Structures are given as structure tokens and as C-alpha cells.
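Next up, structure-v2.pdb (PDB, C-alpha atoms and all ligand atoms):
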```pdb
ATOM      1  CA  MET A  23       3.580  23.175  18.722  1.00  0.00           C
ATOM      2  CA  ASP A  24       2.016  24.790  15.667  1.00  0.00           C
ATOM      3  CA  ARG A  25      -0.314  22.935  13.331  1.00  0.00           C
ATOM      4  CA  LYS A  26       2.394  21.973  10.854  1.00  0.00           C
ATOM      5  CA  ASP A  27       4.649  20.519  13.542  1.00  0.00           C
ATOM      6  CA  PHE A  28       1.693  18.764  15.038  1.00  0.00           C
ATOM      7  CA  ILE A  29       0.813  17.153  11.733  1.00  0.00           C
ATOM      8  CA  LYS A  30       4.411  16.153  11.113  1.00  0.00           C
ATOM      9  CA  ASN A  31       4.687  14.555  14.546  1.00  0.00           C
ATOM     10  CA  SER A  32       1.361  12.832  14.144  1.00  0.00           C
ATOM     11  CA  LEU A  33       2.526  11.321  10.877  1.00  0.00           C
ATOM     12  CA  ILE A  34       5.549   9.882  12.605  1.00  0.00           C
ATOM     13  CA  ILE A  35       3.534   8.532  15.524  1.00  0.00           C
ATOM     14  CA  GLY A  36       0.525   7.274  13.607  1.00  0.00           C
ATOM     15  CA  GLY A  37       1.944   6.284  10.265  1.00  0.00           C
ATOM     16  CA  ALA A  38       4.456   3.660  11.267  1.00  0.00           C
ATOM     17  CA  ALA A  39       4.333   2.163   7.794  1.00  0.00           C
ATOM     18  CA  ILE A  40       5.846   5.185   6.073  1.00  0.00           C
ATOM     19  CA  LEU A  41       8.844   7.377   6.717  1.00  0.00           C
ATOM     20  CA  PRO A  42       8.378  11.020   7.723  1.00  0.00           C
ATOM     21  CA  THR A  43       7.349  13.229   4.815  1.00  0.00           C
ATOM     22  CA  ASN A  44      10.661  15.092   4.737  1.00  0.00           C
ATOM     23  CA  SER A  45      12.725  11.935   4.253  1.00  0.00           C
ATOM     24  CA  MET A  46      14.751  11.329   1.112  1.00  0.00           C
ATOM     25  CA  LEU A  47      12.515   8.405   0.283  1.00  0.00           C
ATOM     26  CA  ALA A  48       9.299  10.404   0.468  1.00  0.00           C
ATOM     27  CA  GLN A  49      10.878  13.230  -1.518  1.00  0.00           C
ATOM     28  CA  ASN A  50      12.061  10.805  -4.145  1.00  0.00           C
ATOM     29  CA  MET A  51       8.692   9.095  -4.405  1.00  0.00           C
ATOM     30  CA  SER A  52       6.960  12.434  -4.692  1.00  0.00           C
ATOM     31  CA  GLU A  53       9.382  13.931  -7.233  1.00  0.00           C
ATOM     32  CA  ASN A  54       9.231  10.811  -9.331  1.00  0.00           C
ATOM     33  CA  GLY A  55       5.457  11.153  -9.326  1.00  0.00           C
ATOM     34  CA  ILE A  56       4.973   7.671  -7.888  1.00  0.00           C
ATOM     35  CA  ASP A  57       3.368   8.387  -4.549  1.00  0.00           C
ATOM     36  CA  LYS A  58       2.173  11.806  -3.589  1.00  0.00           C
ATOM     37  CA  LEU A  59      -0.113  11.056  -0.680  1.00  0.00           C
ATOM     38  CA  VAL A  60      -0.342  14.445   1.047  1.00  0.00           C
ATOM     39  CA  ASP A  61      -0.746  18.033  -0.116  1.00  0.00           C
ATOM     40  CA  ALA A  62       1.419  20.961   0.988  1.00  0.00           C
ATOM     41  CA  ASN A  63      -0.586  21.282   4.221  1.00  0.00           C
ATOM     42  CA  GLY A  64      -0.184  17.652   5.174  1.00  0.00           C
ATOM     43  CA  ASN A  65      -3.735  16.685   4.237  1.00  0.00           C
ATOM     44  CA  PHE A  66      -4.130  13.313   2.595  1.00  0.00           C
ATOM     45  CA  ILE A  67      -4.971  13.359  -1.119  1.00  0.00           C
ATOM     46  CA  GLN A  68      -5.871  10.588  -3.530  1.00  0.00           C
ATOM     47  CA  GLN A  69      -4.111  10.584  -6.885  1.00  0.00           C
ATOM     48  CA  ALA A  70      -6.052   9.741 -10.034  1.00  0.00           C
ATOM     49  CA  LEU A  71      -5.843   6.140 -11.176  1.00  0.00           C
ATOM     50  CA  PRO A  72      -2.845   5.789 -13.528  1.00  0.00           C
ATOM     51  CA  TYR A  73      -5.147   4.214 -16.180  1.00  0.00           C
ATOM     52  CA  SER A  74      -8.813   3.810 -17.100  1.00  0.00           C
ATOM     53  CA  GLU A  75     -11.071   1.562 -15.036  1.00  0.00           C
ATOM     54  CA  ASN A  76     -11.183  -1.146 -17.721  1.00  0.00           C
ATOM     55  CA  PHE A  77      -7.426  -1.119 -18.326  1.00  0.00           C
ATOM     56  CA  LEU A  78      -6.786  -4.360 -16.453  1.00  0.00           C
ATOM     57  CA  GLU A  79      -9.702  -6.323 -17.971  1.00  0.00           C
ATOM     58  CA  PRO A  80     -10.230  -9.249 -17.867  1.00  0.00           C
ATOM     59  CA  ASN A  81      -7.891  -9.850 -14.926  1.00  0.00           C
ATOM     60  CA  MET A  82      -9.537  -7.090 -12.901  1.00  0.00           C
ATOM     61  CA  ASP A  83     -13.003  -5.990 -14.010  1.00  0.00           C
ATOM     62  CA  ALA A  84     -13.924  -2.334 -14.454  1.00  0.00           C
ATOM     63  CA  GLU A  85     -16.764  -2.332 -11.913  1.00  0.00           C
ATOM     64  CA  THR A  86     -14.523  -3.728  -9.174  1.00  0.00           C
ATOM     65  CA  MET A  87     -11.861  -1.193 -10.113  1.00  0.00           C
ATOM     66  CA  TYR A  88     -14.376   1.677  -9.878  1.00  0.00           C
ATOM     67  CA  LEU A  89     -15.811   0.603  -6.513  1.00  0.00           C
ATOM     68  CA  HIS A  90     -12.410  -0.299  -5.081  1.00  0.00           C
ATOM     69  CA  TYR A  91     -10.705   2.940  -6.052  1.00  0.00           C
ATOM     70  CA  THR A  92     -13.629   5.268  -5.323  1.00  0.00           C
ATOM     71  CA  PHE A  93     -15.085   3.893  -2.119  1.00  0.00           C
ATOM     72  CA  HIS A  94     -12.489   1.667  -0.475  1.00  0.00           C
ATOM     73  CA  HIS A  95      -9.321   3.600  -1.227  1.00  0.00           C
ATOM     74  CA  GLY A  96     -11.238   6.904  -1.284  1.00  0.00           C
ATOM     75  CA  GLY A  97     -12.862   6.048   2.038  1.00  0.00           C
ATOM     76  CA  ALA A  98      -9.466   5.436   3.611  1.00  0.00           C
ATOM     77  CA  VAL A  99      -8.251   8.864   2.490  1.00  0.00           C
ATOM     78  CA  LYS A 100     -11.320  10.533   3.991  1.00  0.00           C
ATOM     79  CA  GLY A 101     -10.909   8.463   7.135  1.00  0.00           C
ATOM     80  CA  ALA A 102      -7.251   9.394   7.537  1.00  0.00           C
ATOM     81  CA  ASN A 103      -8.057  13.106   7.227  1.00  0.00           C
ATOM     82  CA  LYS A 104     -10.796  12.784   9.799  1.00  0.00           C
ATOM     83  CA  ASP A 105      -8.457  10.888  12.144  1.00  0.00           C
ATOM     84  CA  MET A 106      -5.917  13.704  11.962  1.00  0.00           C
ATOM     85  CA  GLN A 107      -8.581  16.292  12.778  1.00  0.00           C
ATOM     86  CA  MET A 108      -9.883  14.225  15.666  1.00  0.00           C
ATOM     87  CA  ILE A 109      -6.381  13.772  17.089  1.00  0.00           C
ATOM     88  CA  LYS A 110      -5.873  17.519  16.983  1.00  0.00           C
ATOM     89  CA  LYS A 111      -9.234  18.148  18.627  1.00  0.00           C
ATOM     90  CA  ALA A 112      -8.585  15.570  21.341  1.00  0.00           C
ATOM     91  CA  MET A 113      -5.121  17.005  22.015  1.00  0.00           C
ATOM     92  CA  ASP A 114      -6.596  20.501  22.300  1.00  0.00           C
ATOM     93  CA  GLU A 115      -9.046  19.127  24.853  1.00  0.00           C
ATOM     94  CA  ASN A 116      -6.435  17.036  26.727  1.00  0.00           C
ATOM     95  CA  ASN A 117      -8.547  13.991  26.010  1.00  0.00           C
ATOM     96  CA  PHE A 118      -5.859  11.323  25.835  1.00  0.00           C
ATOM     97  CA  GLU A 119      -8.195   8.343  25.724  1.00  0.00           C
ATOM     98  CA  SER A 120      -9.587   9.773  22.542  1.00  0.00           C
ATOM     99  CA  VAL A 121      -6.096  10.434  21.169  1.00  0.00           C
ATOM    100  CA  ASP A 122      -5.315   6.757  21.613  1.00  0.00           C
ATOM    101  CA  PHE A 123      -8.438   5.730  19.707  1.00  0.00           C
ATOM    102  CA  TRP A 124      -7.854   8.066  16.769  1.00  0.00           C
ATOM    103  CA  THR A 125      -4.143   7.258  16.571  1.00  0.00           C
ATOM    104  CA  LYS A 126      -5.012   3.608  15.972  1.00  0.00           C
ATOM    105  CA  LYS A 127      -7.586   4.650  13.377  1.00  0.00           C
ATOM    106  CA  LEU A 128      -4.965   6.771  11.627  1.00  0.00           C
ATOM    107  CA  SER A 129      -2.588   3.822  11.471  1.00  0.00           C
ATOM    108  CA  TYR A 130      -5.343   1.759   9.832  1.00  0.00           C
ATOM    109  CA  HIS A 131      -6.553   4.399   7.350  1.00  0.00           C
ATOM    110  CA  PHE A 132      -3.170   5.833   6.421  1.00  0.00           C
ATOM    111  CA  SER A 133      -1.704   2.368   5.899  1.00  0.00           C
ATOM    112  CA  SER A 134      -4.675   1.601   3.644  1.00  0.00           C
ATOM    113  CA  HIS A 135      -4.024   4.809   1.680  1.00  0.00           C
ATOM    114  CA  ILE A 136      -0.340   3.927   1.265  1.00  0.00           C
ATOM    115  CA  LEU A 137      -0.961   0.342   0.204  1.00  0.00           C
ATOM    116  CA  HIS A 138      -3.752   1.178  -2.262  1.00  0.00           C
ATOM    117  CA  SER A 139      -1.683   4.000  -3.792  1.00  0.00           C
ATOM    118  CA  ILE A 140       1.162   1.543  -4.370  1.00  0.00           C
ATOM    119  CA  PHE A 141      -1.193  -1.213  -5.553  1.00  0.00           C
ATOM    120  CA  TRP A 142      -2.581   0.746  -8.538  1.00  0.00           C
ATOM    121  CA  THR A 143       0.904   1.566  -9.811  1.00  0.00           C
ATOM    122  CA  ASN A 144       2.029  -2.056  -9.362  1.00  0.00           C
ATOM    123  CA  LEU A 145      -0.333  -3.198 -12.128  1.00  0.00           C
ATOM    124  CA  THR A 146      -0.294  -2.886 -15.916  1.00  0.00           C
ATOM    125  CA  ASN A 147      -1.911  -4.592 -18.888  1.00  0.00           C
ATOM    126  CA  LYS A 148       1.166  -6.110 -20.447  1.00  0.00           C
ATOM    127  CA  LYS A 149       3.492  -8.833 -19.312  1.00  0.00           C
ATOM    128  CA  THR A 150       6.659  -7.685 -17.608  1.00  0.00           C
ATOM    129  CA  ASP A 151       9.361  -9.492 -15.655  1.00  0.00           C
ATOM    130  CA  PRO A 152      11.934  -8.366 -13.099  1.00  0.00           C
ATOM    131  CA  SER A 153      15.357  -7.495 -14.459  1.00  0.00           C
ATOM    132  CA  GLY A 154      18.570  -5.749 -13.397  1.00  0.00           C
ATOM    133  CA  GLU A 155      19.157  -4.993  -9.727  1.00  0.00           C
ATOM    134  CA  LEU A 156      15.691  -6.168  -8.715  1.00  0.00           C
ATOM    135  CA  LEU A 157      16.206  -9.576 -10.279  1.00  0.00           C
ATOM    136  CA  LYS A 158      19.598  -9.834  -8.563  1.00  0.00           C
ATOM    137  CA  GLY A 159      18.002  -8.975  -5.224  1.00  0.00           C
ATOM    138  CA  ILE A 160      15.239 -11.536  -5.770  1.00  0.00           C
ATOM    139  CA  GLU A 161      17.683 -14.290  -6.679  1.00  0.00           C
ATOM    140  CA  LYS A 162      19.882 -13.479  -3.695  1.00  0.00           C
ATOM    141  CA  GLN A 163      17.013 -13.555  -1.210  1.00  0.00           C
ATOM    142  CA  PHE A 164      14.617 -16.154  -2.641  1.00  0.00           C
ATOM    143  CA  GLY A 165      16.762 -18.274  -4.982  1.00  0.00           C
ATOM    144  CA  SER A 166      14.824 -17.483  -8.158  1.00  0.00           C
ATOM    145  CA  TYR A 167      11.995 -15.400  -9.612  1.00  0.00           C
ATOM    146  CA  ASP A 168       9.778 -18.498  -9.668  1.00  0.00           C
ATOM    147  CA  LYS A 169      10.416 -19.134  -5.979  1.00  0.00           C
ATOM    148  CA  LEU A 170       9.565 -15.546  -5.135  1.00  0.00           C
ATOM    149  CA  LYS A 171       6.323 -15.790  -7.123  1.00  0.00           C
ATOM    150  CA  ALA A 172       5.346 -19.014  -5.369  1.00  0.00           C
ATOM    151  CA  TYR A 173       6.168 -17.530  -1.954  1.00  0.00           C
ATOM    152  CA  LEU A 174       4.330 -14.242  -2.521  1.00  0.00           C
ATOM    153  CA  ALA A 175       1.298 -15.940  -4.091  1.00  0.00           C
ATOM    154  CA  ASN A 176       1.045 -18.411  -1.215  1.00  0.00           C
ATOM    155  CA  THR A 177       1.466 -15.672   1.384  1.00  0.00           C
ATOM    156  CA  SER A 178      -1.237 -13.556  -0.271  1.00  0.00           C
ATOM    157  CA  LYS A 179      -3.737 -16.377  -0.702  1.00  0.00           C
ATOM    158  CA  ASN A 180      -3.375 -17.457   2.916  1.00  0.00           C
ATOM    159  CA  VAL A 181      -3.955 -14.152   4.699  1.00  0.00           C
ATOM    160  CA  ASP A 182      -6.372 -14.775   7.577  1.00  0.00           C
ATOM    161  CA  GLY A 183      -9.403 -12.612   6.811  1.00  0.00           C
ATOM    162  CA  ALA A 184      -8.682  -9.300   5.115  1.00  0.00           C
ATOM    163  CA  GLY A 185      -5.179  -8.138   4.288  1.00  0.00           C
ATOM    164  CA  TRP A 186      -2.286  -7.953   1.878  1.00  0.00           C
ATOM    165  CA  GLY A 187       0.671  -9.944   0.617  1.00  0.00           C
ATOM    166  CA  ILE A 188       3.637  -7.586   0.482  1.00  0.00           C
ATOM    167  CA  LEU A 189       7.094  -7.729  -1.078  1.00  0.00           C
ATOM    168  CA  ALA A 190       9.172  -5.083   0.674  1.00  0.00           C
ATOM    169  CA  TYR A 191      12.693  -3.781   0.898  1.00  0.00           C
ATOM    170  CA  GLN A 192      13.904  -3.897   4.494  1.00  0.00           C
ATOM    171  CA  PRO A 193      16.642  -1.279   4.954  1.00  0.00           C
ATOM    172  CA  TYR A 194      17.619  -2.629   8.389  1.00  0.00           C
ATOM    173  CA  SER A 195      18.803  -5.862   6.797  1.00  0.00           C
ATOM    174  CA  ASP A 196      19.416  -4.473   3.280  1.00  0.00           C
ATOM    175  CA  SER A 197      17.285  -7.235   1.818  1.00  0.00           C
ATOM    176  CA  LEU A 198      13.978  -8.043   0.240  1.00  0.00           C
ATOM    177  CA  THR A 199      11.372  -9.530   2.522  1.00  0.00           C
ATOM    178  CA  ILE A 200       7.811 -10.838   2.344  1.00  0.00           C
ATOM    179  CA  MET A 201       5.100  -9.892   4.816  1.00  0.00           C
ATOM    180  CA  GLN A 202       1.607 -11.260   5.349  1.00  0.00           C
ATOM    181  CA  CYS A 203      -0.238  -8.158   6.461  1.00  0.00           C
ATOM    182  CA  GLU A 204      -3.607  -8.355   8.214  1.00  0.00           C
ATOM    183  CA  ASN A 205      -6.037  -5.484   7.682  1.00  0.00           C
ATOM    184  CA  HIS A 206      -3.692  -2.732   6.477  1.00  0.00           C
ATOM    185  CA  GLU A 207      -1.254  -2.328   9.321  1.00  0.00           C
ATOM    186  CA  LYS A 208      -0.821  -5.553  11.293  1.00  0.00           C
ATOM    187  CA  LEU A 209       2.012  -8.096  11.084  1.00  0.00           C
ATOM    188  CA  THR A 210       4.276  -5.779   9.146  1.00  0.00           C
ATOM    189  CA  GLN A 211       7.963  -5.190   9.875  1.00  0.00           C
ATOM    190  CA  THR A 212       8.950  -1.811  11.218  1.00  0.00           C
ATOM    191  CA  GLY A 213      10.838   0.166   8.611  1.00  0.00           C
ATOM    192  CA  ALA A 214      10.087  -2.124   5.675  1.00  0.00           C
ATOM    193  CA  ILE A 215       9.292  -0.236   2.446  1.00  0.00           C
ATOM    194  CA  PRO A 216       6.553  -1.890   0.354  1.00  0.00           C
ATOM    195  CA  LEU A 217       7.475  -2.457  -3.297  1.00  0.00           C
ATOM    196  CA  LEU A 218       4.745  -4.804  -4.509  1.00  0.00           C
ATOM    197  CA  VAL A 219       1.439  -5.251  -2.714  1.00  0.00           C
ATOM    198  CA  ILE A 220      -1.377  -7.723  -3.367  1.00  0.00           C
ATOM    199  CA  ASP A 221      -4.774  -6.666  -2.025  1.00  0.00           C
ATOM    200  CA  VAL A 222      -6.696  -9.753  -0.901  1.00  0.00           C
ATOM    201  CA  TRP A 223      -9.578  -8.003   0.827  1.00  0.00           C
ATOM    202  CA  GLU A 224     -12.822  -9.455  -0.540  1.00  0.00           C
ATOM    203  CA  HIS A 225     -13.706  -6.072  -2.073  1.00  0.00           C
ATOM    204  CA  ALA A 226     -10.722  -6.552  -4.430  1.00  0.00           C
ATOM    205  CA  TYR A 227     -12.134  -9.656  -6.117  1.00  0.00           C
ATOM    206  CA  TYR A 228     -15.551 -10.796  -4.965  1.00  0.00           C
ATOM    207  CA  LEU A 229     -17.669  -9.444  -7.863  1.00  0.00           C
ATOM    208  CA  LYS A 230     -15.701 -11.411 -10.441  1.00  0.00           C
ATOM    209  CA  TYR A 231     -13.957 -14.198  -8.549  1.00  0.00           C
ATOM    210  CA  LYS A 232     -16.524 -14.813  -5.785  1.00  0.00           C
ATOM    211  CA  ASN A 233     -14.899 -17.019  -3.126  1.00  0.00           C
ATOM    212  CA  LYS A 234     -11.937 -17.948  -5.367  1.00  0.00           C
ATOM    213  CA  ARG A 235      -9.271 -15.736  -3.875  1.00  0.00           C
ATOM    214  CA  GLY A 236      -6.568 -18.014  -5.234  1.00  0.00           C
ATOM    215  CA  ASP A 237      -7.751 -17.496  -8.817  1.00  0.00           C
ATOM    216  CA  PHE A 238      -7.680 -13.733  -8.313  1.00  0.00           C
ATOM    217  CA  VAL A 239      -4.120 -13.800  -6.976  1.00  0.00           C
ATOM    218  CA  ASP A 240      -3.008 -16.011  -9.878  1.00  0.00           C
ATOM    219  CA  ALA A 241      -4.655 -13.592 -12.343  1.00  0.00           C
ATOM    220  CA  LEU A 242      -2.937 -10.610 -10.735  1.00  0.00           C
ATOM    221  CA  PHE A 243       0.424 -12.173 -11.499  1.00  0.00           C
ATOM    222  CA  ASN A 244      -0.441 -11.678 -15.214  1.00  0.00           C
ATOM    223  CA  VAL A 245      -0.625  -7.907 -14.754  1.00  0.00           C
ATOM    224  CA  ILE A 246       2.139  -7.030 -12.294  1.00  0.00           C
ATOM    225  CA  ASN A 247       4.170  -4.063 -13.431  1.00  0.00           C
ATOM    226  CA  TRP A 248       7.658  -5.279 -12.555  1.00  0.00           C
ATOM    227  CA  ASP A 249       9.143  -2.082 -14.008  1.00  0.00           C
ATOM    228  CA  ASN A 250       7.300  -0.168 -11.302  1.00  0.00           C
ATOM    229  CA  VAL A 251       8.508  -2.608  -8.651  1.00  0.00           C
ATOM    230  CA  ALA A 252      12.078  -2.203  -9.931  1.00  0.00           C
ATOM    231  CA  GLN A 253      11.766   1.593  -9.835  1.00  0.00           C
ATOM    232  CA  ARG A 254      10.516   1.397  -6.242  1.00  0.00           C
ATOM    233  CA  TYR A 255      13.402  -0.919  -5.325  1.00  0.00           C
ATOM    234  CA  ASP A 256      15.960   1.508  -6.760  1.00  0.00           C
ATOM    235  CA  ILE A 257      14.448   4.439  -4.859  1.00  0.00           C
ATOM    236  CA  ALA A 258      14.144   2.474  -1.619  1.00  0.00           C
ATOM    237  CA  LYS A 259      17.787   1.386  -1.737  1.00  0.00           C
ATOM    238  CA  LYS A 260      19.111   4.935  -2.238  1.00  0.00           C
TER     239      LYS A 260
HETATM  240 MN   MN3 A 301      -8.508  -2.692  -1.137  1.00  0.00          MN
END
```
Show me this structure written as C-alpha cells.
Amino acid sequence: MDRKDFIKNSLIIGGAAILPTNSMLAQNMSENGIDKLVDANGNFIQQALPYSENFLEPNMDAETMYLHYTFHHGGAVKGANKDMQMIKKAMDENNFESVDFWTKKLSYHFSSHILHSIFWTNLTNKKTDPSGELLKGIEKQFGSYDKLKAYLANTSKNVDGAGWGILAYQPYSDSLTIMQCENHEKLTQTGAIPLLVIDVWEHAYYLKYKNKRGDFVDALFNVINWDNVAQRYDIAKK
């Protein structure tokens, strides 16, 4: 197996939260400029924030945005690249215990990279609402937009410890679904494609909201970019 094949296979094994990089979905995401998470060699890259650090003030403060993007998301990207290198090294040395360790690390770091990359694009500084196909899908699955909001907010606020509330499109049931993800990779559904993600790790809110995670989640609902969610839904359904 050459390096490229190795990387491709590792992505499939380790990155259960995303489809292989040659899938239609990944191509679409990349061509649309939404999520380009790897370079031509398969190394993980972090895109620039789609706005300035103070863009989401006062709902998300600039200092939190800077620290979150630079060190938490950035750290995950570095971690994922290291994990890939360590898997390769361990494979070269036939050290399968070590492969197991780094494969789990890759799942954690790569999932973090995916979720953070989606998170930034899910936010904007003006009020938007779901419309068109997305609204139809929401009403079919959850009854109404208000019910979806209540469900997703509750799910996000009640994550045990660190994690994410996630609205996803599940191709295996052709429906929208909500997941309460712990850390970055646990309690998700295989195959589900995240459309809207709410980061409820303490690093996402503690400077401004202290222990009031609920207030942070409520504030985030003021700045959700439903046009971005709708675009993701359209791509995911193709
Ligand atoms: Mn985070």
C-alpha cells in the first residue's frame, strides 16, 4: 500500500463521522467551498474563519472566538495530523497496540476538526430562518420549526460533560435527526451528515457565560445561519 492509499484507508477507518474524501458529498462540500478539511496530500488543514473574530458580538465574544478557533480547533487539526503520522509509523513497525491507540485519537481529533469547521459556517450576525426544502424536512420530522428549536436546544444544553448538539441528515432513513454527541465522536449515528452543530464544550462559552450554558445556547439561536444549514441539507440529500 503506498502512502496515498494508506491515508485514504486510514480516513475510512478512523474518520467514521465523515465519508471518504472521494465521495460525491465530500467533492460537493469542497467545490462549494464549504468544507475543505484536507489538502491534496490528505493532510488536515484549517480554513480561515469566514468572518472577523468580533463578527458574532455580543452573542459570541471576540476573545472566545480567537481562543476557540486558534487553540481548540487548531489543536484538533494538529492532533489529527500527528495521529495520522503515528498510525503510519506504528504500521511500519507492526506495532498494532499503538495503531489502536492512535486510531482512537484520530477519531477524536478528526471529528473535532469536522464539527468545528461546520460550526463556524453555521453562524452569522443576522437573523435567518429555515425555508424551502429544509423547512419541509423539519416540519415532516419534528412537527414545526419551534419544536425543532426546542428539541435541539434541550439536547445541546443537556450534554453530559463536553460535547455537541447536532442536527443531521441521516441518509439511511432519508430524514433529519438529532444527536447528543459526547466529546466529538461518541453517541453519534453511523452515516449521519451533520448540518447544524452546537458546541457546548466549556471553552465555547465560559469566558462570557461562565456556568450558564443554557444562556449561551439560547444566544446562539440568535445567530444561526439557516441558509448555510439549508445549503448543507441540499448537498447531503443529493
Ligand atoms: Mn469547541
>> If the PyMOL selection byres (((not hetatm)) within 6 of (chain A and resi 301)) were run on this exact file, what residues would it hold? Put them as a PyMOL selection string.
In response: chain A and resi 94+221+223+226
>> One decimal, in Å: what's the spacing between CA of Leu198 (chain A) and CA of Ile140 (chain A)?
In response: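 Distance between the two atoms: 16.7 Å.
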>> Could you tell me, as a PyMOL selection string, exactly which residues end up selected when the PyMOL selection byres (((chain A and resi 153) around 12) and not hetatm) is applied to this structure?
In response: chain A and resi 150-152+154-161+166-167+247-253+255-256
> Using all atoms listed in the file, what residues lie at most 12 Å away from (-9.1, -1.6, -13.1) (file coordinates), given as a PyMOL selection string?
Replying inline: chain A and resi 71-92+141-147+226-227+242+245
>> Given the PyMOL selection byres (((chain A and resi 95) around 10) and not hetatm) and the file above, list the residues it selects as a ChimeraX atom specification.
In response: /A:68,89-94,96-101,131,134-139
